[in-house]
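The structure appears below as structure tokens.
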Amino acid sequence: MNTLFDKIWDKHVVQTIDDGPTQLYIDRLYCHEVTTPQAFDGLRERGLKCMRPGQIICMPDHNLPTHDQDKPIADPVGRKQVDALDRNCADFGLTEYKMNTKDNGIVHVVGPEKGLSLPGMTIVCGDSHTSTHGAVGAIAFGIGTSEVEMVMASQCILQQKPKSMRVSIHGSLGQGVTAKDLALFLIARLTTAGATGYFVEYAGQAVRELSMEGRLTLCNLSIEMGARGGLVAPDETTFEYLRNREHAPKGEEWARAVAYWSTLRSDDDAVFDKEVEFDAADIEPRITYGTNPGMGIGISESIPHIGDIGERGQAAFRKSLDYMGLEPGRQLLGLPVDYVFLGACTNGRIEDFRAFASTVRGKHKAAGVTAWLVPGSWAVERQIRDEGLDRILQAAGFEIRQPGCSACLAMNDDKVPAGKYCVATSNRNFEGRQGPGARTILASPLVAAAAAITGKITDPRTL
């Protein structure tokens, strides 16, 4: 009667404290430059080393410029954080995929594509979107800097066991509807706090039919509905994705691994603390209109009227629309846009670039639209060129930038100016997230591509 989450969690329990947290063994710790400096300093102050340095993988991503990475970072804060990570990795003997090297990229893109994230693992990182790695059938969640230090020192963490939720999506997604649309639909329906305290297992036909990259997008956004994390049971799609990846098992070890991974599913009689179900036929391409990912609508729908909002939420609703320069009851179709961003750990994978390129092929970028197309890793950048997508994009007036977190957050040069609208494939649309005063509309790569070539919010199904 065990859920998939129970099976992985229970296998990693070191000890449970009565009326307290569980000591949980961690298989993989990912580190980037923003949330680690104090953790390394804490180890130094206590005279400690990393207990299992081979289980720790580090790379800078948040602060990286997406051009001229062969030159020193111009921003002094960003440069200091990246330099500190380089120094700390050297001092503690950790593997680092440095800036502007073939292995570098966004940590949540690089982990799965290298086979470092595997089914049945426990995975943590000082970053909320660590939930991404749950797509391979792992327990993956973000932690704070003090917890990063804890894992470095002991390879364990103290955690209260979350409750379990299963979200089932029945039927198949329609034309032009992607994993990003599915995720935005769920966040709007469940709200940004609807999964607080839960670890979510995604199930149902629509989830089984997603590619691994679609599942990575879905799990990436779990945190945006308050969940501790999200995961998908591993299956043939998972195994084919991981086969021959650099750090995946090989030969006889691969056969043994797949045999074990095949047991990682919730039992037929497993009992979840909460179950919710949706119909894929109810989902169309999605966009957001407000300042959190739950403020979203179908692309053919209108922004809610103030009377549709509960009394307690009306003040925040008005504030959000004032920031976005929008009015209740209006449609967003036809809204002129200034920027388009394709990338981030949500939609910076090769499948996302294929989708974008398929939409803009034979067309041309709208005049007045600034487009940032940023691969999630150097491996993705190489694949874009190997497949000739760069030529399709260049012919349509686009250019490929260098990998990094880019315009997902305002920690590098790719900032959207105040008052400008940006259709972004990233994960958050908070006030100032893409730059002070920037107005972010979250969408899929298909919706982003349609906006880039028409200069306005456009239903990609009409193209």
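Chain labels A, B, ... are given in the sequence in which chains occur in the structure tokens; within each chain residues are numbered consecutively from 1, and ligands are likewise numbered from 1 in the order shown.
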With a distance cut-off of 10 Å and only C-alpha atoms, select the neighbouring residues of A:Ile287, excluding the residue or stretch itself and same-chain residues fewer than 6 positions from it, and output the selection as a list of chain:residue names.
A:Lys180, A:Asp181, A:Leu184, A:Phe185, A:Pro293, A:Met295, A:Gly296, A:Ile297, A:Gly298, A:Ile299, A:Ser300, A:Glu301, A:Leu332, A:Leu333, A:Val423, A:Ala424, A:Ile441, A:Leu442, A:Ala443, A:Ser444, A:Val447, A:Ala448, A:Ile457
Excluding stretch 222-226 of chain A and its own-chain neighbours fewer than 6 positions away, which residues fall within 7 Å of it when counting only C-alpha atoms? Please give them as an MDAnalysis selection string.
chainID A and resid 128:129 131 187 190:196 293
For the selection just defined, write its residues with C-alpha atoms to a file, as an mmCIF file, in the first residue's frame.
data_model
loop_
_atom_site.group_PDB
_atom_site.id
_atom_site.type_symbol
_atom_site.label_atom_id
_atom_site.label_comp_id
_atom_site.auth_asym_id
_atom_site.auth_seq_id
_atom_site.Cartn_x
_atom_site.Cartn_y
_atom_site.Cartn_z
ATOM 1 C CA SER A 128 13.512 25.968 -5.148
ATOM 2 C CA HIS A 129 13.252 24.515 -8.659
ATOM 3 C CA SER A 131 11.754 19.782 -7.969
ATOM 4 C CA ILE A 187 -1.345 26.058 -10.635
ATOM 5 C CA LEU A 190 -5.032 24.398 -7.295
ATOM 6 C CA THR A 191 -3.737 27.924 -6.513
ATOM 7 C CA THR A 192 -0.188 28.833 -5.511
ATOM 8 C CA ALA A 193 -0.796 27.385 -2.038
ATOM 9 C CA GLY A 194 -2.983 24.431 -3.003
ATOM 10 C CA ALA A 195 -0.248 21.814 -2.636
ATOM 11 C CA THR A 196 1.493 23.281 0.421
ATOM 12 C CA PRO A 293 1.997 31.876 -11.656
#
I want to know what sits within 8 Å of stretch 237-248 of chain A, based on only C-alpha atoms, with residues of the same chain fewer than 3 positions away left out; could you give that as an MDAnalysis selection string?
chainID A and resid 112:116 118 136 211:212 234 254 258
List the spatial neighbours of A:Gly329 as a ChimeraX atom specification - criterion: any atom at most 6 Å away, only C-alpha atoms, same-chain residues fewer than 5 positions off excluded.
/A:302-305
Hey, what's within 10 Å of A:Asn100 if we count only C-alpha atoms and toss same-chain stuff fewer than 4 positions away? As a list of chain:residue names, please?
A:Pro60, A:Leu64, A:Thr66, A:Asp68, A:Gln69, A:Asp70, A:Lys71, A:Asn104, A:Gly105, A:Ser377, A:Trp378, A:Gln402, A:Pro403, A:Gly404
Only all heavy atoms, please: the residues just picked out, written as an mmCIF file, in the first residue's frame.
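Saved as selection-v2.cif:
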data_model
loop_
_atom_site.group_PDB
_atom_site.id
_atom_site.type_symbol
_atom_site.label_atom_id
_atom_site.label_comp_id
_atom_site.auth_asym_id
_atom_site.auth_seq_id
_atom_site.Cartn_x
_atom_site.Cartn_y
_atom_site.Cartn_z
ATOM 1 N N PRO A 60 28.166 27.316 -11.816
ATOM 2 C CA PRO A 60 27.524 28.634 -11.795
ATOM 3 C C PRO A 60 26.473 28.711 -12.887
ATOM 4 O O PRO A 60 26.641 28.129 -13.962
ATOM 5 C CB PRO A 60 28.693 29.591 -12.064
ATOM 6 C CG PRO A 60 29.643 28.788 -12.901
ATOM 7 C CD PRO A 60 29.496 27.358 -12.444
ATOM 8 N N LEU A 64 25.496 34.267 -14.736
ATOM 9 C CA LEU A 64 26.276 34.247 -15.973
ATOM 10 C C LEU A 64 25.688 35.177 -17.036
ATOM 11 O O LEU A 64 24.471 35.152 -17.287
ATOM 12 C CB LEU A 64 26.340 32.830 -16.540
ATOM 13 C CG LEU A 64 26.938 31.739 -15.649
ATOM 14 C CD1 LEU A 64 27.192 30.484 -16.476
ATOM 15 C CD2 LEU A 64 28.215 32.204 -14.979
ATOM 16 N N THR A 66 24.922 36.065 -20.911
ATOM 17 C CA THR A 66 24.627 35.155 -22.018
ATOM 18 C C THR A 66 25.316 35.605 -23.304
ATOM 19 O O THR A 66 24.897 35.252 -24.410
ATOM 20 C CB THR A 66 23.107 35.039 -22.232
ATOM 21 O OG1 THR A 66 22.552 36.331 -22.466
ATOM 22 C CG2 THR A 66 22.452 34.422 -21.009
ATOM 23 N N ASP A 68 29.656 36.837 -24.457
ATOM 24 C CA ASP A 68 31.041 37.143 -24.041
ATOM 25 C C ASP A 68 31.438 36.430 -22.746
ATOM 26 O O ASP A 68 32.068 37.013 -21.868
ATOM 27 C CB ASP A 68 31.242 38.651 -23.873
ATOM 28 C CG ASP A 68 31.044 39.413 -25.176
ATOM 29 O OD1 ASP A 68 31.414 38.859 -26.235
ATOM 30 O OD2 ASP A 68 30.517 40.534 -25.143
ATOM 31 N N GLN A 69 31.073 35.150 -22.630
ATOM 32 C CA GLN A 69 31.438 34.423 -21.417
ATOM 33 C C GLN A 69 32.939 34.146 -21.324
ATOM 34 O O GLN A 69 33.424 33.706 -20.276
ATOM 35 C CB GLN A 69 30.645 33.110 -21.323
ATOM 36 C CG GLN A 69 29.188 33.302 -20.964
ATOM 37 C CD GLN A 69 28.481 32.001 -20.638
ATOM 38 O OE1 GLN A 69 29.107 30.948 -20.490
ATOM 39 N NE2 GLN A 69 27.157 32.052 -20.516
ATOM 40 N N ASP A 70 33.664 34.404 -22.411
ATOM 41 C CA ASP A 70 35.108 34.248 -22.362
ATOM 42 C C ASP A 70 35.781 35.443 -21.689
ATOM 43 O O ASP A 70 36.990 35.417 -21.460
ATOM 44 C CB ASP A 70 35.672 34.066 -23.777
ATOM 45 C CG ASP A 70 35.305 35.223 -24.699
ATOM 46 O OD1 ASP A 70 34.197 35.786 -24.541
ATOM 47 O OD2 ASP A 70 36.107 35.558 -25.585
ATOM 48 N N LYS A 71 34.983 36.461 -21.362
ATOM 49 C CA LYS A 71 35.518 37.659 -20.705
ATOM 50 C C LYS A 71 35.078 37.683 -19.248
ATOM 51 O O LYS A 71 34.107 37.018 -18.866
ATOM 52 C CB LYS A 71 35.024 38.922 -21.421
ATOM 53 C CG LYS A 71 35.473 39.026 -22.877
ATOM 54 C CD LYS A 71 34.928 40.298 -23.514
ATOM 55 C CE LYS A 71 35.446 40.482 -24.935
ATOM 56 N NZ LYS A 71 35.033 39.371 -25.832
ATOM 57 N N ASN A 104 29.017 23.046 -18.719
ATOM 58 C CA ASN A 104 28.286 24.023 -17.918
ATOM 59 C C ASN A 104 26.852 24.209 -18.425
ATOM 60 O O ASN A 104 26.526 23.914 -19.571
ATOM 61 C CB ASN A 104 29.028 25.363 -17.920
ATOM 62 C CG ASN A 104 28.305 26.440 -17.125
ATOM 63 O OD1 ASN A 104 27.733 27.359 -17.694
ATOM 64 N ND2 ASN A 104 28.309 26.306 -15.811
ATOM 65 N N GLY A 105 26.026 24.734 -17.567
ATOM 66 C CA GLY A 105 24.655 25.064 -17.906
ATOM 67 C C GLY A 105 23.870 25.300 -16.637
ATOM 68 O O GLY A 105 24.423 25.351 -15.532
ATOM 69 N N SER A 377 21.925 24.771 -21.481
ATOM 70 C CA SER A 377 23.263 24.221 -21.268
ATOM 71 C C SER A 377 24.040 24.303 -22.566
ATOM 72 O O SER A 377 23.469 24.517 -23.645
ATOM 73 C CB SER A 377 23.182 22.759 -20.806
ATOM 74 O OG SER A 377 22.743 21.923 -21.871
ATOM 75 N N TRP A 378 25.344 24.107 -22.464
ATOM 76 C CA TRP A 378 26.167 24.066 -23.678
ATOM 77 C C TRP A 378 25.850 22.827 -24.500
ATOM 78 O O TRP A 378 25.989 22.833 -25.729
ATOM 79 C CB TRP A 378 27.652 24.127 -23.317
ATOM 80 C CG TRP A 378 28.090 25.526 -23.002
ATOM 81 C CD1 TRP A 378 28.304 26.072 -21.759
ATOM 82 C CD2 TRP A 378 28.346 26.577 -23.943
ATOM 83 N NE1 TRP A 378 28.663 27.388 -21.877
ATOM 84 C CE2 TRP A 378 28.716 27.731 -23.196
ATOM 85 C CE3 TRP A 378 28.297 26.663 -25.338
ATOM 86 C CZ2 TRP A 378 29.025 28.944 -23.811
ATOM 87 C CZ3 TRP A 378 28.611 27.877 -25.946
ATOM 88 C CH2 TRP A 378 28.974 28.995 -25.189
ATOM 89 N N GLN A 402 24.351 32.604 -25.248
ATOM 90 C CA GLN A 402 25.100 31.592 -24.514
ATOM 91 C C GLN A 402 24.315 31.138 -23.287
ATOM 92 O O GLN A 402 23.491 31.875 -22.747
ATOM 93 C CB GLN A 402 26.469 32.152 -24.110
ATOM 94 C CG GLN A 402 27.372 32.421 -25.306
ATOM 95 C CD GLN A 402 28.702 33.057 -24.906
ATOM 96 O OE1 GLN A 402 28.760 33.903 -24.027
ATOM 97 N NE2 GLN A 402 29.775 32.646 -25.565
ATOM 98 N N PRO A 403 24.544 29.904 -22.823
ATOM 99 C CA PRO A 403 23.721 29.332 -21.758
ATOM 100 C C PRO A 403 23.812 30.067 -20.426
ATOM 101 O O PRO A 403 24.838 30.654 -20.075
ATOM 102 C CB PRO A 403 24.272 27.907 -21.629
ATOM 103 C CG PRO A 403 24.876 27.606 -22.963
ATOM 104 C CD PRO A 403 25.457 28.916 -23.412
ATOM 105 N N GLY A 404 22.732 30.005 -19.682
ATOM 106 C CA GLY A 404 22.653 30.587 -18.355
ATOM 107 C C GLY A 404 21.203 30.764 -17.958
ATOM 108 O O GLY A 404 20.291 30.532 -18.755
#
Sel. of strand (DSSP E) residues, stretch 424-461 of chain A, as a list in words
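Matching residues, listed in order: Ala424, Arg439, Thr440, Ile441 and Leu442 of chain A.
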The selected residues should be written to file as a compact mmCIF listing (two decimals), in the first residue's frame (atoms: all heavy atoms).
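Writing done, so here's result.txt:
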# COMPACT_ATOMS: atom_id res chain seq x y z
N ALA A 424 7.52 35.15 -21.38
CA ALA A 424 8.66 34.37 -20.90
C ALA A 424 8.27 32.92 -20.68
O ALA A 424 7.20 32.62 -20.16
CB ALA A 424 9.20 34.97 -19.60
N ARG A 439 7.18 43.60 -16.70
CA ARG A 439 5.88 42.95 -16.68
C ARG A 439 5.99 41.62 -17.41
O ARG A 439 6.15 41.57 -18.63
CB ARG A 439 4.84 43.84 -17.36
CG ARG A 439 4.56 45.12 -16.57
CD ARG A 439 3.79 46.13 -17.39
NE ARG A 439 3.28 47.22 -16.57
CZ ARG A 439 2.74 48.33 -17.04
NH1 ARG A 439 2.63 48.51 -18.36
NH2 ARG A 439 2.29 49.27 -16.22
N THR A 440 5.90 40.52 -16.65
CA THR A 440 6.15 39.18 -17.17
C THR A 440 4.86 38.43 -17.43
O THR A 440 3.98 38.38 -16.55
CB THR A 440 7.01 38.38 -16.19
OG1 THR A 440 8.25 39.07 -15.95
CG2 THR A 440 7.31 36.99 -16.73
N ILE A 441 4.73 37.85 -18.61
CA ILE A 441 3.61 36.98 -18.97
C ILE A 441 4.19 35.59 -19.22
O ILE A 441 4.94 35.39 -20.17
CB ILE A 441 2.89 37.51 -20.22
CG1 ILE A 441 2.25 38.88 -19.93
CG2 ILE A 441 1.83 36.51 -20.70
CD1 ILE A 441 1.73 39.59 -21.17
N LEU A 442 3.87 34.63 -18.36
CA LEU A 442 4.40 33.28 -18.49
C LEU A 442 3.64 32.53 -19.58
O LEU A 442 2.42 32.66 -19.71
CB LEU A 442 4.29 32.53 -17.17
CG LEU A 442 5.05 33.12 -15.99
CD1 LEU A 442 4.82 32.26 -14.74
CD2 LEU A 442 6.54 33.23 -16.28
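With distances restricted to only C-alpha atoms, A:Arg354 is the closest residue to A:Val380 from A:Arg354, A:Lys274, A:Arg461, A:His364.
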List the spatial neighbours of A:Ala366 as a PDB file with C-alpha atoms, in the first residue's frame - criterion: any atom at most 7 Å away, only C-alpha atoms, same-chain residues fewer than 3 positions off excluded.
ATOM      1  CA  VAL A 369      10.393  42.740 -30.358  1.00  0.00           C
ATOM      2  CA  ALA A 452       7.796  36.870 -31.285  1.00  0.00           C
ATOM      3  CA  ILE A 453       6.662  36.760 -34.906  1.00  0.00           C
ATOM      4  CA  THR A 454       3.385  38.678 -34.537  1.00  0.00           C
ATOM      5  CA  GLY A 455       4.513  41.209 -31.923  1.00  0.00           C
TER       6      GLY A 455
END
Would you kindly return, as a PyMOL selection string, each protein, DNA or RNA residue with an atom no farther than 12 Å from any atom of A:Leu29, considering only C-alpha atoms and excluding same-chain residues fewer than 6 positions away?
chain A and resi 36+50-59+94-95+107-108+111+116-117+121-127+130+133+140-143+147-157
Which residues in stretch 151-193 of chain A does DSSP call helix (DSSP H, G or I)? List them as a ChimeraX atom specification.
/A:151-154,179-190
Taking into account only C-alpha atoms, which residue in the set A:Phe430, A:Phe353, A:Tyr25, A:Phe272 is nearest to A:Thr3?
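Checking each of A:Phe430, A:Phe353, A:Tyr25, A:Phe272 against A:Thr3, counting only C-alpha atoms, the winner is A:Phe272.
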